[in-house]
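A.B. asks: Next up is a structure, given as structure tokens.
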Amino acid sequence: MPLPAEPALRPYHPADESAALELINADLLPGQPRTTAAMLAEALAGRSRADTDWWAELDPPTTDVATGPRGEVVGIVSYALRRKDDSGLILWAHCREDPLVARALIGRATDTFTPRAVDAFHLTSALTLGLEALPARHRPATRAALERYGFAGERRWRYLRRELPAPDLPRADGVTAGPGTDDDPFSRYLTVRQAADTAEALIGTWDGCGALWWIGVAEHARGRGLGRRPWAPPWRRSATWARRR
């Protein structure tokens, strides 16, 4: 049996928009709204509502597509140089988790920056609902391609989602709410104090969806499962990736 042909790579063209959106939306995690043409345009231009200052540090991104034997677009990758530390960043990539295409995309970006250090999926792009990092379990071929090129996972998060309303969830006593840190009218700091235990959370909205931005437990109360109650919703692990010189 003949081996699959290596995908060809070329610069992104505006005519690729529809195919690019299909690839991006095929990779969405549960609860994320579909990526629109306007969101894609922002990502291609190197802008994002989240991590705005970090995006401003980058050179204009380069975006390439991988094409199949009939010229169809089967993958897309965007990457940029950060001149302040002369490092490369792989910003986002999508390929329907085809291993051959994933290797071609990560290889193109990595080879472009050699011998610089390269980081991958460190910034929140305009394509996602404020989520950064690579959903490692959801994107196994991309993860394998990163590891093939010498990247290693670094910081890790858990992405959680719960349909609301959810009357079965337990309710903590003694919750106080205060204003959040931005202009979102729904942004709130929540504080729970039960005896000597203290926990805090920040909630808000993003493009019309509710978001639990972070939860913190006082140092003296950590390690006792206060952040993992029995209602625990579905979660997915994500990670940023770095490749050193």
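Each chain of the structure tokens is named A, B, ... in the order shown, its residues numbered from 1; ligands are numbered from 1 in display order.
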Can you tell me, as a VMD selection string, which residues in range 86-141 of chain A count as alpha helix (DSSP H) by DSSP?
C.D. replies: chain A and resid 99 to 113 140 to 141
A.B. asks: Take the residues that were just selected and, keeping C-alpha atoms, output them as a PDB file, in the first residue's frame.
C.D. replies:
ATOM      1  CA  PRO A  99      -1.140  13.133  12.373  1.00  0.00           C
ATOM      2  CA  LEU A 100       0.604  13.726   9.038  1.00  0.00           C
ATOM      3  CA  VAL A 101      -0.860  17.203   8.692  1.00  0.00           C
ATOM      4  CA  ALA A 102      -0.143  18.070  12.331  1.00  0.00           C
ATOM      5  CA  ARG A 103       3.524  17.165  11.871  1.00  0.00           C
ATOM      6  CA  ALA A 104       3.725  19.276   8.703  1.00  0.00           C
ATOM      7  CA  LEU A 105       2.183  22.315  10.405  1.00  0.00           C
ATOM      8  CA  ILE A 106       4.288  22.184  13.570  1.00  0.00           C
ATOM      9  CA  GLY A 107       7.372  21.403  11.497  1.00  0.00           C
ATOM     10  CA  ARG A 108       6.833  24.436   9.250  1.00  0.00           C
ATOM     11  CA  ALA A 109       6.541  26.834  12.173  1.00  0.00           C
ATOM     12  CA  THR A 110       9.402  25.283  14.132  1.00  0.00           C
ATOM     13  CA  ASP A 111      11.785  25.226  11.170  1.00  0.00           C
ATOM     14  CA  THR A 112      11.001  28.875  10.460  1.00  0.00           C
ATOM     15  CA  PHE A 113      12.320  29.926  13.870  1.00  0.00           C
ATOM     16  CA  PRO A 140      -3.746  14.127  20.513  1.00  0.00           C
ATOM     17  CA  ALA A 141      -2.194  14.408  17.034  1.00  0.00           C
TER      18      ALA A 141
END
A.B. asks: Please provide the set of residues having any atom within 10 Å of Trp213 in chain A, restricted to only C-alpha atoms, with same-chain residues fewer than 6 positions apart removed, written as a ChimeraX atom specification.
C.D. replies: /A:130,187,201-205
A.B. asks: Could you dump the residues just selected with C-alpha atoms as an mmCIF file, in the first residue's frame?
C.D. replies:
data_model
loop_
_atom_site.group_PDB
_atom_site.id
_atom_site.type_symbol
_atom_site.label_atom_id
_atom_site.label_comp_id
_atom_site.auth_asym_id
_atom_site.auth_seq_id
_atom_site.Cartn_x
_atom_site.Cartn_y
_atom_site.Cartn_z
ATOM 1 C CA GLY A 130 -10.967 33.181 26.268
ATOM 2 C CA SER A 187 -18.164 40.272 36.959
ATOM 3 C CA ALA A 201 -13.541 32.945 42.931
ATOM 4 C CA LEU A 202 -13.954 35.391 40.074
ATOM 5 C CA ILE A 203 -16.938 34.986 37.752
ATOM 6 C CA GLY A 204 -18.016 36.959 34.699
ATOM 7 C CA THR A 205 -19.112 36.630 31.084
#
A.B. asks: Nearest to Pro185 in chain A among A:Gly210, A:Ala8, A:Asp168, A:Arg162, with distances taken over only C-alpha atoms: which residue is it?
C.D. replies: A:Gly210
A.B. asks: Tell me, in Å to one decimal, how far CA of Leu21 in chain A is from CA of Cys95 in chain A.
C.D. replies: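 For CA of Leu21 in chain A relative to CA of Cys95 in chain A, the distance reads 11.1 Å.
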A.B. asks: What lies within 10 Å of range 131-133 of chain A using only C-alpha atoms, ignoring chain neighbours under 3 positions off, as a PyMOL selection string?
C.D. replies: chain A and resi 29+32+50-51+91-92+120-128+136+153-157+159+237-241
A.B. asks: Quick one: write out the picked residues with N, CA, C and O atoms as an mmCIF file, in the first residue's frame?
C.D. replies:
data_model
loop_
_atom_site.group_PDB
_atom_site.id
_atom_site.type_symbol
_atom_site.label_atom_id
_atom_site.label_comp_id
_atom_site.auth_asym_id
_atom_site.auth_seq_id
_atom_site.Cartn_x
_atom_site.Cartn_y
_atom_site.Cartn_z
ATOM 1 N N LEU A 29 -14.065 22.814 21.799
ATOM 2 C CA LEU A 29 -14.446 22.090 23.008
ATOM 3 C C LEU A 29 -15.917 22.354 23.309
ATOM 4 O O LEU A 29 -16.488 23.353 22.867
ATOM 5 N N GLN A 32 -17.933 26.020 23.696
ATOM 6 C CA GLN A 32 -17.362 27.140 22.960
ATOM 7 C C GLN A 32 -18.264 27.525 21.797
ATOM 8 O O GLN A 32 -18.726 26.663 21.051
ATOM 9 N N ALA A 50 -8.372 39.072 24.574
ATOM 10 C CA ALA A 50 -7.662 38.555 25.743
ATOM 11 C C ALA A 50 -6.157 38.603 25.465
ATOM 12 O O ALA A 50 -5.724 38.473 24.319
ATOM 13 N N ASP A 51 -5.369 38.787 26.513
ATOM 14 C CA ASP A 51 -3.904 38.865 26.373
ATOM 15 C C ASP A 51 -3.497 39.954 25.387
ATOM 16 O O ASP A 51 -2.504 39.823 24.659
ATOM 17 N N LEU A 91 1.009 30.202 17.436
ATOM 18 C CA LEU A 91 -0.161 30.839 18.035
ATOM 19 C C LEU A 91 -1.373 29.923 18.044
ATOM 20 O O LEU A 91 -2.058 29.801 19.049
ATOM 21 N N TRP A 92 -1.667 29.285 16.913
ATOM 22 C CA TRP A 92 -2.783 28.352 16.822
ATOM 23 C C TRP A 92 -2.594 27.481 15.588
ATOM 24 O O TRP A 92 -1.897 27.857 14.645
ATOM 25 N N ALA A 120 4.588 27.362 22.235
ATOM 26 C CA ALA A 120 3.378 27.026 21.481
ATOM 27 C C ALA A 120 2.145 27.156 22.361
ATOM 28 O O ALA A 120 2.149 26.718 23.516
ATOM 29 N N PHE A 121 1.101 27.797 21.822
ATOM 30 C CA PHE A 121 -0.208 27.884 22.465
ATOM 31 C C PHE A 121 -0.140 28.587 23.824
ATOM 32 O O PHE A 121 -0.814 28.212 24.763
ATOM 33 N N HIS A 122 0.689 29.622 23.904
ATOM 34 C CA HIS A 122 0.828 30.366 25.162
ATOM 35 C C HIS A 122 -0.166 31.509 25.289
ATOM 36 O O HIS A 122 -0.400 31.988 26.395
ATOM 37 N N LEU A 123 -0.718 31.984 24.191
ATOM 38 C CA LEU A 123 -1.589 33.152 24.230
ATOM 39 C C LEU A 123 -3.023 32.765 23.873
ATOM 40 O O LEU A 123 -3.261 31.820 23.133
ATOM 41 N N THR A 124 -3.956 33.541 24.400
ATOM 42 C CA THR A 124 -5.364 33.336 24.084
ATOM 43 C C THR A 124 -5.678 34.025 22.766
ATOM 44 O O THR A 124 -5.572 35.244 22.664
ATOM 45 N N SER A 125 -6.056 33.263 21.757
ATOM 46 C CA SER A 125 -6.331 33.846 20.454
ATOM 47 C C SER A 125 -7.782 34.321 20.372
ATOM 48 O O SER A 125 -8.606 34.004 21.233
ATOM 49 N N ALA A 126 -8.081 35.044 19.307
ATOM 50 C CA ALA A 126 -9.449 35.515 19.074
ATOM 51 C C ALA A 126 -10.378 34.384 18.651
ATOM 52 O O ALA A 126 -11.586 34.587 18.532
ATOM 53 N N LEU A 127 -9.838 33.184 18.430
ATOM 54 C CA LEU A 127 -10.634 32.067 17.929
ATOM 55 C C LEU A 127 -11.405 31.339 19.016
ATOM 56 O O LEU A 127 -12.315 30.565 18.718
ATOM 57 N N THR A 128 -11.024 31.546 20.278
ATOM 58 C CA THR A 128 -11.592 30.746 21.362
ATOM 59 C C THR A 128 -12.308 31.618 22.378
ATOM 60 O O THR A 128 -12.154 32.838 22.391
ATOM 61 N N ALA A 136 -4.956 19.020 25.517
ATOM 62 C CA ALA A 136 -4.076 17.917 25.147
ATOM 63 C C ALA A 136 -4.831 16.629 24.826
ATOM 64 O O ALA A 136 -4.499 15.928 23.866
ATOM 65 N N GLY A 153 5.381 19.871 27.593
ATOM 66 C CA GLY A 153 4.290 20.566 28.269
ATOM 67 C C GLY A 153 4.787 21.296 29.499
ATOM 68 O O GLY A 153 5.638 20.797 30.230
ATOM 69 N N GLU A 154 4.232 22.484 29.749
ATOM 70 C CA GLU A 154 4.635 23.275 30.905
ATOM 71 C C GLU A 154 3.432 23.529 31.803
ATOM 72 O O GLU A 154 2.942 22.618 32.454
ATOM 73 N N ARG A 155 2.911 24.764 31.791
ATOM 74 C CA ARG A 155 1.791 25.089 32.672
ATOM 75 C C ARG A 155 0.548 24.317 32.246
ATOM 76 O O ARG A 155 0.321 24.081 31.068
ATOM 77 N N ARG A 156 -0.260 23.937 33.218
ATOM 78 C CA ARG A 156 -1.443 23.132 32.932
ATOM 79 C C ARG A 156 -2.676 23.733 33.590
ATOM 80 O O ARG A 156 -2.614 24.307 34.660
ATOM 81 N N TRP A 157 -3.793 23.575 32.882
ATOM 82 C CA TRP A 157 -5.082 24.049 33.397
ATOM 83 C C TRP A 157 -6.116 22.947 33.218
ATOM 84 O O TRP A 157 -5.896 21.977 32.490
ATOM 85 N N TYR A 159 -10.121 22.699 31.974
ATOM 86 C CA TYR A 159 -11.272 23.381 31.383
ATOM 87 C C TYR A 159 -12.521 22.642 31.835
ATOM 88 O O TYR A 159 -12.651 21.442 31.609
ATOM 89 N N ARG A 237 -7.975 18.555 30.141
ATOM 90 C CA ARG A 237 -6.675 19.118 30.497
ATOM 91 C C ARG A 237 -6.075 19.840 29.293
ATOM 92 O O ARG A 237 -6.188 19.388 28.165
ATOM 93 N N SER A 238 -5.447 20.970 29.560
ATOM 94 C CA SER A 238 -4.780 21.703 28.506
ATOM 95 C C SER A 238 -3.397 22.110 29.006
ATOM 96 O O SER A 238 -3.128 22.131 30.200
ATOM 97 N N ALA A 239 -2.514 22.431 28.069
ATOM 98 C CA ALA A 239 -1.159 22.790 28.462
ATOM 99 C C ALA A 239 -0.539 23.709 27.430
ATOM 100 O O ALA A 239 -0.887 23.673 26.256
ATOM 101 N N THR A 240 0.382 24.562 27.905
ATOM 102 C CA THR A 240 1.225 25.302 26.991
ATOM 103 C C THR A 240 2.467 24.465 26.729
ATOM 104 O O THR A 240 2.796 23.563 27.494
ATOM 105 N N TRP A 241 3.159 24.789 25.658
ATOM 106 C CA TRP A 241 4.294 23.969 25.235
ATOM 107 C C TRP A 241 5.472 24.863 24.903
ATOM 108 O O TRP A 241 5.318 25.962 24.400
#
A.B. asks: Can you list every residue in range 13-242 of chain A that DSSP puts in strand (DSSP E or B), as a PyMOL selection string?
C.D. replies: chain A and resi 58+62-67+73-82+87-94+118-120+134-135+152-160+175-179+188-194+197-206+209-217+235-242
A.B. asks: When you draw a straight line from CA of Phe151 in chain A to CA of Arg47 in chain A, how long is it in Å?
C.D. replies: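 Here the two named atoms are 24.8 Å from each other.
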A.B. asks: To one decimal in Å, tell me the separation between CA of Phe186 in chain A and CA of Asp27 in chain A.
C.D. replies: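 These two atoms are separated by 28.5 Å.
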A.B. asks: Just checking: using only C-alpha atoms, which residue out of A:Arg96, A:Arg193, A:Arg161, A:Arg188 ends up closest to Gly31 in chain A?
C.D. replies: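 With only C-alpha atoms as the atom set, the closest residue is A:Arg161.
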A.B. asks: Kindly indicate which residue among A:Pro61, A:Gly75, A:Gly88, A:Pro179 lies nearest to Ala20 in chain A, using only C-alpha atoms for the distances.
C.D. replies: A:Gly75
A.B. asks: Please provide as an NGL selection string all residues within 12 Å of Thr62 in chain A, with the sequence filter that same-chain residues fewer than 4 positions apart are discarded (counting only C-alpha atoms).
C.D. replies: :A and (10-13 or 43-46 or 58 or 76-81 or 88-93 or 108-109 or 112-113)
